[in-house]
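**Q** Sharing entry-v1.txt below, compact mmCIF, N, CA, C and O atoms:
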# COMPACT_ATOMS: atom_id res chain seq x y z
N ILE K 1 -9.99 -2.82 -12.91
CA ILE K 1 -9.12 -2.25 -13.92
C ILE K 1 -9.90 -1.15 -14.64
O ILE K 1 -11.02 -1.36 -15.09
N LEU K 2 -9.29 0.00 -14.72
CA LEU K 2 -9.88 1.13 -15.45
C LEU K 2 -9.22 1.24 -16.81
O LEU K 2 -8.02 1.08 -16.93
N ARG K 3 -10.02 1.55 -17.81
CA ARG K 3 -9.48 1.71 -19.16
C ARG K 3 -9.91 3.05 -19.72
O ARG K 3 -11.10 3.33 -19.83
N GLY K 4 -8.92 3.88 -20.04
CA GLY K 4 -9.18 5.16 -20.67
C GLY K 4 -9.32 6.31 -19.68
O GLY K 4 -9.61 6.11 -18.50
N PRO K 5 -9.09 7.51 -20.17
CA PRO K 5 -9.12 8.70 -19.30
C PRO K 5 -10.50 8.97 -18.69
O PRO K 5 -10.59 9.42 -17.55
N GLU K 6 -11.56 8.70 -19.42
CA GLU K 6 -12.90 8.96 -18.88
C GLU K 6 -13.21 8.05 -17.70
O GLU K 6 -13.78 8.48 -16.70
N ALA K 7 -12.82 6.79 -17.79
CA ALA K 7 -13.02 5.85 -16.68
C ALA K 7 -12.26 6.31 -15.45
O ALA K 7 -12.78 6.27 -14.33
N PHE K 8 -11.00 6.76 -15.63
CA PHE K 8 -10.21 7.27 -14.51
C PHE K 8 -10.85 8.53 -13.93
O PHE K 8 -10.97 8.68 -12.71
N ARG K 9 -11.28 9.42 -14.78
CA ARG K 9 -11.87 10.68 -14.34
C ARG K 9 -13.11 10.44 -13.46
O ARG K 9 -13.24 11.02 -12.39
N THR K 10 -14.01 9.57 -13.91
CA THR K 10 -15.26 9.37 -13.17
C THR K 10 -15.10 8.46 -11.96
O THR K 10 -15.77 8.65 -10.95
N ALA K 11 -14.21 7.47 -12.03
CA ALA K 11 -14.07 6.52 -10.92
C ALA K 11 -13.09 6.98 -9.84
O ALA K 11 -13.25 6.62 -8.68
N VAL K 12 -12.10 7.81 -10.21
CA VAL K 12 -11.05 8.18 -9.25
C VAL K 12 -10.97 9.69 -9.06
O VAL K 12 -11.13 10.19 -7.94
N PHE K 13 -10.70 10.41 -10.12
CA PHE K 13 -10.42 11.84 -10.01
C PHE K 13 -11.59 12.64 -9.43
O PHE K 13 -11.43 13.36 -8.44
N GLU K 14 -12.76 12.53 -10.04
CA GLU K 14 -13.90 13.35 -9.59
C GLU K 14 -14.33 13.03 -8.16
O GLU K 14 -14.55 13.96 -7.37
N PRO K 15 -14.45 11.75 -7.74
CA PRO K 15 -14.80 11.49 -6.34
C PRO K 15 -13.75 12.03 -5.36
O PRO K 15 -14.09 12.56 -4.30
N PHE K 16 -12.48 11.91 -5.72
CA PHE K 16 -11.42 12.38 -4.84
C PHE K 16 -11.43 13.89 -4.69
O PHE K 16 -11.34 14.43 -3.58
N VAL K 17 -11.56 14.59 -5.81
CA VAL K 17 -11.59 16.06 -5.76
C VAL K 17 -12.87 16.55 -5.08
O VAL K 17 -12.86 17.57 -4.40
N SER K 18 -13.95 15.80 -5.21
CA SER K 18 -15.19 16.16 -4.52
C SER K 18 -15.01 16.01 -3.01
O SER K 18 -15.48 16.84 -2.24
N ALA K 19 -14.34 14.96 -2.57
CA ALA K 19 -14.12 14.73 -1.14
C ALA K 19 -13.09 15.70 -0.56
O ALA K 19 -13.19 16.11 0.60
N PHE K 20 -12.08 16.03 -1.35
CA PHE K 20 -10.97 16.89 -0.90
C PHE K 20 -10.82 18.06 -1.87
O PHE K 20 -9.92 18.07 -2.72
N PRO K 21 -11.70 19.07 -1.78
CA PRO K 21 -11.65 20.18 -2.74
C PRO K 21 -10.31 20.94 -2.74
O PRO K 21 -9.95 21.54 -3.74
N ASP K 22 -9.59 20.87 -1.62
CA ASP K 22 -8.30 21.55 -1.53
C ASP K 22 -7.14 20.60 -1.79
O ASP K 22 -6.00 20.87 -1.41
N LEU K 23 -7.40 19.47 -2.46
CA LEU K 23 -6.39 18.45 -2.72
C LEU K 23 -5.16 19.07 -3.39
O LEU K 23 -5.26 19.84 -4.34
N HIS K 24 -4.00 18.70 -2.87
CA HIS K 24 -2.73 19.13 -3.45
C HIS K 24 -1.83 17.91 -3.55
O HIS K 24 -1.65 17.19 -2.57
N VAL K 25 -1.31 17.66 -4.75
CA VAL K 25 -0.39 16.54 -4.96
C VAL K 25 0.97 17.13 -5.32
O VAL K 25 1.08 17.90 -6.29
N ALA K 26 1.97 16.79 -4.52
CA ALA K 26 3.33 17.29 -4.74
C ALA K 26 4.21 16.12 -5.19
O ALA K 26 4.19 15.04 -4.58
N VAL K 27 4.96 16.32 -6.25
CA VAL K 27 5.89 15.31 -6.75
C VAL K 27 7.16 15.37 -5.91
O VAL K 27 7.78 16.42 -5.78
N ALA K 28 7.53 14.21 -5.34
CA ALA K 28 8.73 14.13 -4.50
C ALA K 28 9.94 13.60 -5.28
O ALA K 28 11.07 13.85 -4.88
N GLY K 29 9.69 12.88 -6.35
CA GLY K 29 10.80 12.36 -7.15
C GLY K 29 10.28 11.62 -8.37
O GLY K 29 9.16 11.13 -8.37
N VAL K 30 11.13 11.57 -9.39
CA VAL K 30 10.77 10.90 -10.65
C VAL K 30 11.98 10.10 -11.11
O VAL K 30 13.11 10.59 -11.09
N VAL K 31 11.72 8.86 -11.53
CA VAL K 31 12.75 8.01 -12.12
C VAL K 31 12.23 7.53 -13.46
O VAL K 31 11.08 7.07 -13.55
N GLU K 32 13.05 7.62 -14.48
CA GLU K 32 12.65 7.23 -15.84
C GLU K 32 13.66 6.23 -16.38
O GLU K 32 14.86 6.38 -16.19
N GLN K 33 13.13 5.19 -17.00
CA GLN K 33 13.98 4.23 -17.70
C GLN K 33 13.22 3.74 -18.91
O GLN K 33 12.20 3.05 -18.78
N GLY K 34 13.67 4.12 -20.07
CA GLY K 34 13.00 3.72 -21.30
C GLY K 34 11.58 4.24 -21.34
O GLY K 34 11.35 5.44 -21.21
N ASP K 35 10.61 3.34 -21.47
CA ASP K 35 9.20 3.72 -21.55
C ASP K 35 8.52 3.74 -20.18
O ASP K 35 7.31 3.94 -20.09
N ASP K 36 9.28 3.51 -19.10
CA ASP K 36 8.71 3.48 -17.76
C ASP K 36 9.12 4.72 -16.97
O ASP K 36 10.27 5.14 -17.00
N VAL K 37 8.14 5.27 -16.24
CA VAL K 37 8.37 6.41 -15.37
C VAL K 37 7.73 6.10 -14.02
O VAL K 37 6.58 5.68 -13.96
N VAL K 38 8.49 6.30 -12.95
CA VAL K 38 7.96 6.10 -11.60
C VAL K 38 8.00 7.45 -10.89
O VAL K 38 9.02 8.14 -10.91
N VAL K 39 6.86 7.81 -10.29
CA VAL K 39 6.73 9.10 -9.61
C VAL K 39 6.41 8.85 -8.13
O VAL K 39 5.45 8.13 -7.83
N ARG K 40 7.21 9.41 -7.23
CA ARG K 40 6.88 9.43 -5.80
C ARG K 40 6.13 10.72 -5.54
O ARG K 40 6.52 11.77 -6.03
N TRP K 41 5.05 10.65 -4.74
CA TRP K 41 4.23 11.83 -4.53
C TRP K 41 3.66 11.85 -3.11
O TRP K 41 3.64 10.84 -2.42
N THR K 42 3.21 13.04 -2.72
CA THR K 42 2.50 13.22 -1.46
C THR K 42 1.23 13.98 -1.77
O THR K 42 1.25 14.99 -2.49
N ALA K 43 0.11 13.49 -1.24
CA ALA K 43 -1.18 14.16 -1.41
C ALA K 43 -1.66 14.66 -0.05
O ALA K 43 -1.61 13.92 0.94
N THR K 44 -2.09 15.92 -0.02
CA THR K 44 -2.65 16.49 1.20
C THR K 44 -3.98 17.14 0.86
O THR K 44 -4.23 17.53 -0.28
N GLY K 45 -4.82 17.24 1.85
CA GLY K 45 -6.11 17.87 1.65
C GLY K 45 -6.96 17.73 2.90
O GLY K 45 -6.57 17.09 3.87
N THR K 46 -8.14 18.35 2.86
CA THR K 46 -9.07 18.30 3.98
C THR K 46 -10.37 17.70 3.49
O THR K 46 -10.92 18.12 2.47
N HIS K 47 -10.87 16.73 4.24
CA HIS K 47 -12.07 16.00 3.85
C HIS K 47 -13.31 16.84 4.16
O HIS K 47 -13.91 16.73 5.22
N THR K 48 -13.69 17.70 3.22
CA THR K 48 -14.83 18.61 3.43
C THR K 48 -15.96 18.39 2.44
O THR K 48 -16.99 19.07 2.52
N GLY K 49 -15.80 17.44 1.52
CA GLY K 49 -16.82 17.24 0.50
C GLY K 49 -17.45 15.86 0.55
O GLY K 49 -17.03 15.00 1.32
N PRO K 50 -18.46 15.64 -0.30
CA PRO K 50 -19.25 14.41 -0.27
C PRO K 50 -18.67 13.21 -1.02
O PRO K 50 -19.23 12.13 -0.97
N GLY K 51 -17.57 13.38 -1.72
CA GLY K 51 -17.05 12.28 -2.53
C GLY K 51 -16.60 11.09 -1.70
O GLY K 51 -16.49 11.16 -0.48
N LEU K 52 -16.38 9.98 -2.34
CA LEU K 52 -15.91 8.73 -1.76
C LEU K 52 -16.95 8.03 -0.90
O LEU K 52 -16.64 7.09 -0.18
N GLY K 53 -18.20 8.52 -0.89
CA GLY K 53 -19.26 7.85 -0.17
C GLY K 53 -19.22 8.03 1.34
O GLY K 53 -19.86 7.28 2.07
N LEU K 54 -18.46 9.00 1.82
CA LEU K 54 -18.37 9.26 3.25
C LEU K 54 -18.88 10.66 3.57
O LEU K 54 -18.67 11.59 2.80
N THR K 55 -19.50 10.80 4.72
CA THR K 55 -19.86 12.13 5.19
C THR K 55 -18.57 12.88 5.48
O THR K 55 -17.63 12.32 6.06
N ALA K 56 -18.51 14.15 5.10
CA ALA K 56 -17.30 14.95 5.31
C ALA K 56 -16.94 14.97 6.79
O ALA K 56 -17.77 15.25 7.64
N SER K 57 -15.68 14.66 7.08
CA SER K 57 -15.21 14.59 8.47
C SER K 57 -14.49 15.86 8.91
O SER K 57 -14.30 16.07 10.10
N GLY K 58 -14.04 16.67 7.93
CA GLY K 58 -13.25 17.85 8.26
C GLY K 58 -11.81 17.51 8.62
O GLY K 58 -11.03 18.40 8.97
N ARG K 59 -11.43 16.25 8.52
CA ARG K 59 -10.08 15.82 8.89
C ARG K 59 -9.12 15.96 7.71
O ARG K 59 -9.48 15.75 6.56
N PRO K 60 -7.87 16.27 8.04
CA PRO K 60 -6.86 16.38 6.98
C PRO K 60 -6.30 15.00 6.61
O PRO K 60 -6.36 14.06 7.42
N ILE K 61 -5.79 14.90 5.41
CA ILE K 61 -5.04 13.71 5.00
C ILE K 61 -3.64 14.14 4.59
O ILE K 61 -3.40 15.27 4.18
N ASN K 62 -2.71 13.21 4.75
CA ASN K 62 -1.34 13.37 4.28
C ASN K 62 -0.92 11.98 3.85
O ASN K 62 -0.60 11.14 4.68
N VAL K 63 -0.97 11.72 2.55
CA VAL K 63 -0.77 10.39 1.99
C VAL K 63 0.44 10.40 1.08
O VAL K 63 0.59 11.31 0.25
N ARG K 64 1.30 9.41 1.24
CA ARG K 64 2.44 9.25 0.34
C ARG K 64 2.22 8.02 -0.53
O ARG K 64 1.63 7.04 -0.09
N GLY K 65 2.70 8.09 -1.77
CA GLY K 65 2.55 6.94 -2.65
C GLY K 65 3.47 7.02 -3.85
O GLY K 65 4.28 7.94 -3.97
N MET K 66 3.32 6.02 -4.71
CA MET K 66 4.10 5.95 -5.95
C MET K 66 3.17 5.56 -7.08
O MET K 66 2.24 4.77 -6.88
N THR K 67 3.46 6.09 -8.25
CA THR K 67 2.72 5.73 -9.46
C THR K 67 3.74 5.33 -10.52
O THR K 67 4.70 6.05 -10.76
N TRP K 68 3.52 4.17 -11.10
CA TRP K 68 4.37 3.66 -12.18
C TRP K 68 3.57 3.81 -13.47
O TRP K 68 2.45 3.32 -13.57
N ILE K 69 4.15 4.47 -14.44
CA ILE K 69 3.47 4.73 -15.71
C ILE K 69 4.30 4.15 -16.85
O ILE K 69 5.53 4.30 -16.87
N ARG K 70 3.63 3.50 -17.76
CA ARG K 70 4.31 2.97 -18.94
C ARG K 70 3.78 3.70 -20.16
O ARG K 70 2.57 3.87 -20.33
N PHE K 71 4.70 4.13 -21.00
CA PHE K 71 4.38 4.84 -22.22
C PHE K 71 4.71 3.96 -23.42
O PHE K 71 5.61 3.12 -23.36
N ALA K 72 3.99 4.16 -24.51
CA ALA K 72 4.29 3.51 -25.79
C ALA K 72 3.94 4.51 -26.88
O ALA K 72 2.87 5.11 -26.86
N ASP K 73 4.86 4.72 -27.78
CA ASP K 73 4.67 5.68 -28.87
C ASP K 73 4.29 7.06 -28.34
O ASP K 73 3.44 7.74 -28.90
N GLY K 74 4.89 7.45 -27.21
CA GLY K 74 4.64 8.77 -26.64
C GLY K 74 3.31 8.92 -25.92
O GLY K 74 2.94 10.04 -25.55
N LYS K 75 2.58 7.82 -25.71
CA LYS K 75 1.28 7.89 -25.04
C LYS K 75 1.28 7.05 -23.77
O LYS K 75 1.90 5.99 -23.70
N PHE K 76 0.56 7.53 -22.77
CA PHE K 76 0.34 6.81 -21.52
C PHE K 76 -0.49 5.57 -21.84
O PHE K 76 -1.60 5.69 -22.33
N VAL K 77 0.02 4.37 -21.58
CA VAL K 77 -0.73 3.15 -21.91
C VAL K 77 -1.09 2.30 -20.70
O VAL K 77 -2.04 1.53 -20.75
N GLU K 78 -0.34 2.41 -19.61
CA GLU K 78 -0.64 1.67 -18.39
C GLU K 78 -0.14 2.45 -17.18
O GLU K 78 0.83 3.19 -17.29
N GLY K 79 -0.79 2.24 -16.05
CA GLY K 79 -0.32 2.87 -14.83
C GLY K 79 -0.75 2.07 -13.62
O GLY K 79 -1.80 1.42 -13.63
N TRP K 80 0.09 2.10 -12.59
CA TRP K 80 -0.20 1.41 -11.33
C TRP K 80 0.10 2.37 -10.19
O TRP K 80 1.09 3.09 -10.21
N ASP K 81 -0.77 2.36 -9.20
CA ASP K 81 -0.58 3.19 -8.00
C ASP K 81 -0.32 2.30 -6.80
O ASP K 81 -0.89 1.21 -6.69
N CYS K 82 0.49 2.79 -5.89
CA CYS K 82 0.77 2.09 -4.65
C CYS K 82 0.71 3.11 -3.52
O CYS K 82 1.55 4.01 -3.45
N TRP K 83 -0.33 2.98 -2.68
CA TRP K 83 -0.46 3.84 -1.50
C TRP K 83 -1.45 3.17 -0.56
O TRP K 83 -2.20 2.28 -0.96
N ASN K 84 -1.46 3.59 0.70
CA ASN K 84 -2.26 2.92 1.70
C ASN K 84 -3.67 3.53 1.76
O ASN K 84 -3.96 4.39 2.58
N VAL K 85 -4.55 3.05 0.90
CA VAL K 85 -5.93 3.54 0.82
C VAL K 85 -6.67 3.26 2.12
O VAL K 85 -7.39 4.12 2.64
N ARG K 86 -6.48 2.07 2.66
CA ARG K 86 -7.18 1.69 3.90
C ARG K 86 -6.83 2.64 5.04
O ARG K 86 -7.71 3.08 5.78
N GLU K 87 -5.55 2.97 5.19
CA GLU K 87 -5.14 3.89 6.25
C GLU K 87 -5.81 5.25 6.09
O GLU K 87 -6.25 5.86 7.06
N MET K 88 -5.91 5.72 4.85
CA MET K 88 -6.56 7.01 4.62
C MET K 88 -8.03 6.95 5.04
O MET K 88 -8.51 7.82 5.76
N PHE K 89 -8.75 5.91 4.62
CA PHE K 89 -10.16 5.79 4.99
C PHE K 89 -10.33 5.66 6.49
O PHE K 89 -11.25 6.26 7.07
N GLU K 90 -9.46 4.91 7.15
CA GLU K 90 -9.55 4.77 8.61
C GLU K 90 -9.35 6.11 9.31
O GLU K 90 -9.99 6.39 10.31
N SER K 91 -8.47 6.95 8.77
CA SER K 91 -8.21 8.24 9.40
C SER K 91 -9.37 9.21 9.26
O SER K 91 -9.44 10.22 9.97
N LEU K 92 -10.32 8.93 8.37
CA LEU K 92 -11.46 9.81 8.15
C LEU K 92 -12.69 9.45 8.98
O LEU K 92 -13.66 10.19 9.00
N LYS K 93 -12.62 8.35 9.70
CA LYS K 93 -13.76 7.92 10.52
C LYS K 93 -13.85 8.71 11.80
O LYS K 93 -12.91 9.15 12.37
In structure tokens, how does this file's structure come out?
**A**
Amino acid sequence: ILRGPEAFRTAVFEPFVSAFPDLHVAVAGVVEQGDDVVVRWTATGTHTGPGLGLTASGRPINVRGMTWIRFADGKFVEGWDCWNVREMFESLK
């Protein structure tokens, strides 16, 4: 469990952007109900950097997923991601 923007930045964002410097995330759809927002997205990029603890493979990724975000008092307070991380790592070997 990550808590706070700095934890997310160092544990997820920076390693991912380091591994995929050309990372592009496209929003495919958004559903909102009250304080909950669900976003469908697609991430593409080329594995050319050192992040994620793998030697750069030069292989492309095309990953689809969903993120559920809960807001309270206008602030992001919780979030959950659903995507096939294992499949992505297997495709980079």
**Q** Could you give me, as JSON lines, a per-residue list for range 17-60 of chain K showing, wherever an atom lies at most 8 Å from an atom of range 75-83 of chain K, the closest pair of atoms and their distance in Å to one decimal, using all atoms listed in the file and sorting by chain then residue number from low to high?
**A**
{"residue": "K:Asp35", "atom": "O", "partner": "K:Lys75", "partner_atom": "O", "distance": 6.8}
{"residue": "K:Asp36", "atom": "CA", "partner": "K:Glu78", "partner_atom": "O", "distance": 7.9}
{"residue": "K:Val37", "atom": "O", "partner": "K:Glu78", "partner_atom": "O", "distance": 7.1}
{"residue": "K:Val38", "atom": "CA", "partner": "K:Trp80", "partner_atom": "O", "distance": 7.6}
{"residue": "K:Val39", "atom": "O", "partner": "K:Trp80", "partner_atom": "O", "distance": 7.1}
{"residue": "K:Arg40", "atom": "CA", "partner": "K:Cys82", "partner_atom": "O", "distance": 8.0}
{"residue": "K:Trp41", "atom": "O", "partner": "K:Cys82", "partner_atom": "O", "distance": 7.2}
**Q** Could those selected residues go to a file with N, CA, C and O atoms, as an mmCIF file, in the coordinates of the input?
**A**
data_model
loop_
_atom_site.group_PDB
_atom_site.id
_atom_site.type_symbol
_atom_site.label_atom_id
_atom_site.label_comp_id
_atom_site.auth_asym_id
_atom_site.auth_seq_id
_atom_site.Cartn_x
_atom_site.Cartn_y
_atom_site.Cartn_z
ATOM 1 N N ASP K 35 10.610 3.340 -21.470
ATOM 2 C CA ASP K 35 9.200 3.720 -21.550
ATOM 3 C C ASP K 35 8.520 3.740 -20.180
ATOM 4 O O ASP K 35 7.310 3.940 -20.090
ATOM 5 N N ASP K 36 9.280 3.510 -19.100
ATOM 6 C CA ASP K 36 8.710 3.480 -17.760
ATOM 7 C C ASP K 36 9.120 4.720 -16.970
ATOM 8 O O ASP K 36 10.270 5.140 -17.000
ATOM 9 N N VAL K 37 8.140 5.270 -16.240
ATOM 10 C CA VAL K 37 8.370 6.410 -15.370
ATOM 11 C C VAL K 37 7.730 6.100 -14.020
ATOM 12 O O VAL K 37 6.580 5.680 -13.960
ATOM 13 N N VAL K 38 8.490 6.300 -12.950
ATOM 14 C CA VAL K 38 7.960 6.100 -11.600
ATOM 15 C C VAL K 38 8.000 7.450 -10.890
ATOM 16 O O VAL K 38 9.020 8.140 -10.910
ATOM 17 N N VAL K 39 6.860 7.810 -10.290
ATOM 18 C CA VAL K 39 6.730 9.100 -9.610
ATOM 19 C C VAL K 39 6.410 8.850 -8.130
ATOM 20 O O VAL K 39 5.450 8.130 -7.830
ATOM 21 N N ARG K 40 7.210 9.410 -7.230
ATOM 22 C CA ARG K 40 6.880 9.430 -5.800
ATOM 23 C C ARG K 40 6.130 10.720 -5.540
ATOM 24 O O ARG K 40 6.520 11.770 -6.030
ATOM 25 N N TRP K 41 5.050 10.650 -4.740
ATOM 26 C CA TRP K 41 4.230 11.830 -4.530
ATOM 27 C C TRP K 41 3.660 11.850 -3.110
ATOM 28 O O TRP K 41 3.640 10.840 -2.420
#
**Q** Counting all atoms listed in the file, figure out which residue out of K:Ala19, K:Phe8, K:Arg70, K:Ser91 gets nearest to Gly53 in chain K.
**A**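 Looking at the shortest contact to Gly53 in chain K, the residue is K:Ala19.
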**Q** One decimal, Å: what's the distance from atom O of Asn84 in chain K over to atom C of Val30 in chain K, could you say?
**A** 21.8 Å
**Q** From a backbone DSSP assignment, name each residue in chain K labelled strand (DSSP E or B), as an NGL selection string.
**A** :K and (24-33 or 36-46 or 60-72 or 75-83)
**Q** Between atom C of Gln33 in chain K and CA of Val12 in chain K, what is the distance in Å, rounded to a tenth?
**A**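 Distance reported for this atom pair: 26.5 Å.
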**Q** One decimal, Å: what's the distance from CA of Gly65 in chain K over to atom O of Ala26 in chain K, could you say?
**A** 8.5 Å
**Q** When distances are computed from all atoms listed in the file, which of K:Phe13, K:Phe89, K:Phe71, K:Phe20 shows the smallest separation from Gly49 in chain K?
**A**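 Residue with the minimum atom-to-atom distance to Gly49 in chain K: K:Phe20.
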**Q** Set the distance at 7 Å and use only N, CA, C and O atoms: which residues neighbour Leu23 in chain K once local chain neighbours fewer than 5 positions away are removed? I'd like the list as a list in words.
**A**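 So, after excluding close chain neighbours, the residues are Phe16, Val17, Ala43, Thr44, Gly45 and Thr46 of chain K.
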**Q** With 3 Å on each side, where is the centre of the axis-aligned box around all listed atoms of range 51-70 of chain K, and how long are its edges in Å to one decimal, as AutoDock Vina command-line options?
**A**
--center_x -7.2 --center_y 10.7 --center_z -5.1 --size_x 31.4 --size_y 21.4 --size_z 36.4
**Q** Write down as a list in words the residues belonging to chain K that are assigned helix (DSSP H, G or I) by DSSP computed on the backbone.
**A** Pro5, Glu6, Ala7, Phe8, Arg9, Thr10, Ala11, Val12, Phe13, Glu14, Pro15, Phe16, Val17, Ser18, Ala19, Gly51, Leu52, Gly53, Val85, Arg86, Glu87, Met88, Phe89, Glu90 and Ser91 of chain K
**Q** May I ask which of the residues K:Thr42, K:Gly29, K:Pro5, K:Ser18 is the closest one to Asn62 in chain K, counting only N, CA, C and O atoms?
**A**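 Of K:Thr42, K:Gly29, K:Pro5, K:Ser18, the one nearest Asn62 in chain K, counting only N, CA, C and O atoms, is K:Thr42.
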**Q** Restricting the calculation to all atoms listed in the file: of K:His47, K:Leu52, K:Val63, K:His24, which residue gets closest to Ala11 in chain K?
**A** K:Leu52
**Q** Would you mind completing range 41-49 of chain K so that it carries all heavy atoms, and writing it out as a PDB file, in the coordinates of the input?
**A**
ATOM      1  N   TRP K  41       5.050  10.650  -4.740  1.00  0.00           N
ATOM      2  CA  TRP K  41       4.230  11.830  -4.530  1.00  0.00           C
ATOM      3  C   TRP K  41       3.660  11.850  -3.110  1.00  0.00           C
ATOM      4  O   TRP K  41       3.640  10.840  -2.420  1.00  0.00           O
ATOM      5  CB  TRP K  41       3.095  11.893  -5.551  1.00  0.00           C
ATOM      6  CG  TRP K  41       2.314  10.613  -5.690  1.00  0.00           C
ATOM      7  CD1 TRP K  41       2.509   9.632  -6.616  1.00  0.00           C
ATOM      8  CD2 TRP K  41       1.224  10.171  -4.870  1.00  0.00           C
ATOM      9  NE1 TRP K  41       1.610   8.610  -6.426  1.00  0.00           N
ATOM     10  CE2 TRP K  41       0.807   8.910  -5.359  1.00  0.00           C
ATOM     11  CE3 TRP K  41       0.557  10.701  -3.773  1.00  0.00           C
ATOM     12  CZ2 TRP K  41      -0.235   8.187  -4.791  1.00  0.00           C
ATOM     13  CZ3 TRP K  41      -0.487   9.976  -3.205  1.00  0.00           C
ATOM     14  CH2 TRP K  41      -0.875   8.741  -3.719  1.00  0.00           C
ATOM     15  N   THR K  42       3.210  13.040  -2.720  1.00  0.00           N
ATOM     16  CA  THR K  42       2.500  13.220  -1.460  1.00  0.00           C
ATOM     17  C   THR K  42       1.230  13.980  -1.770  1.00  0.00           C
ATOM     18  O   THR K  42       1.250  14.990  -2.490  1.00  0.00           O
ATOM     19  CB  THR K  42       3.340  14.038  -0.451  1.00  0.00           C
ATOM     20  OG1 THR K  42       4.564  13.343  -0.212  1.00  0.00           O
ATOM     21  CG2 THR K  42       2.600  14.221   0.859  1.00  0.00           C
ATOM     22  N   ALA K  43       0.110  13.490  -1.240  1.00  0.00           N
ATOM     23  CA  ALA K  43      -1.180  14.160  -1.410  1.00  0.00           C
ATOM     24  C   ALA K  43      -1.660  14.660  -0.050  1.00  0.00           C
ATOM     25  O   ALA K  43      -1.610  13.920   0.940  1.00  0.00           O
ATOM     26  CB  ALA K  43      -2.209  13.214  -2.005  1.00  0.00           C
ATOM     27  N   THR K  44      -2.090  15.920  -0.020  1.00  0.00           N
ATOM     28  CA  THR K  44      -2.650  16.490   1.200  1.00  0.00           C
ATOM     29  C   THR K  44      -3.980  17.140   0.860  1.00  0.00           C
ATOM     30  O   THR K  44      -4.230  17.530  -0.280  1.00  0.00           O
ATOM     31  CB  THR K  44      -1.706  17.556   1.808  1.00  0.00           C
ATOM     32  OG1 THR K  44      -1.448  18.562   0.833  1.00  0.00           O
ATOM     33  CG2 THR K  44      -0.382  16.940   2.269  1.00  0.00           C
ATOM     34  N   GLY K  45      -4.820  17.240   1.850  1.00  0.00           N
ATOM     35  CA  GLY K  45      -6.110  17.870   1.650  1.00  0.00           C
ATOM     36  C   GLY K  45      -6.960  17.730   2.900  1.00  0.00           C
ATOM     37  O   GLY K  45      -6.570  17.090   3.870  1.00  0.00           O
ATOM     38  N   THR K  46      -8.140  18.350   2.860  1.00  0.00           N
ATOM     39  CA  THR K  46      -9.070  18.300   3.980  1.00  0.00           C
ATOM     40  C   THR K  46     -10.370  17.700   3.490  1.00  0.00           C
ATOM     41  O   THR K  46     -10.920  18.120   2.470  1.00  0.00           O
ATOM     42  CB  THR K  46      -9.313  19.721   4.535  1.00  0.00           C
ATOM     43  OG1 THR K  46      -8.048  20.339   4.777  1.00  0.00           O
ATOM     44  CG2 THR K  46     -10.102  19.658   5.829  1.00  0.00           C
ATOM     45  N   HIS K  47     -10.870  16.730   4.240  1.00  0.00           N
ATOM     46  CA  HIS K  47     -12.070  16.000   3.850  1.00  0.00           C
ATOM     47  C   HIS K  47     -13.310  16.840   4.160  1.00  0.00           C
ATOM     48  O   HIS K  47     -13.910  16.730   5.220  1.00  0.00           O
ATOM     49  CB  HIS K  47     -12.113  14.659   4.590  1.00  0.00           C
ATOM     50  CG  HIS K  47     -13.236  13.782   4.174  1.00  0.00           C
ATOM     51  ND1 HIS K  47     -13.970  13.050   5.067  1.00  0.00           N
ATOM     52  CD2 HIS K  47     -13.763  13.520   2.946  1.00  0.00           C
ATOM     53  CE1 HIS K  47     -14.896  12.365   4.425  1.00  0.00           C
ATOM     54  NE2 HIS K  47     -14.787  12.642   3.133  1.00  0.00           N
ATOM     55  N   THR K  48     -13.690  17.700   3.220  1.00  0.00           N
ATOM     56  CA  THR K  48     -14.830  18.610   3.430  1.00  0.00           C
ATOM     57  C   THR K  48     -15.960  18.390   2.440  1.00  0.00           C
ATOM     58  O   THR K  48     -16.990  19.070   2.520  1.00  0.00           O
ATOM     59  CB  THR K  48     -14.370  20.083   3.333  1.00  0.00           C
ATOM     60  OG1 THR K  48     -13.775  20.294   2.053  1.00  0.00           O
ATOM     61  CG2 THR K  48     -13.381  20.421   4.441  1.00  0.00           C
ATOM     62  N   GLY K  49     -15.800  17.440   1.520  1.00  0.00           N
ATOM     63  CA  GLY K  49     -16.820  17.240   0.500  1.00  0.00           C
ATOM     64  C   GLY K  49     -17.450  15.860   0.550  1.00  0.00           C
ATOM     65  O   GLY K  49     -17.030  15.000   1.320  1.00  0.00           O
TER      66      GLY K  49
END
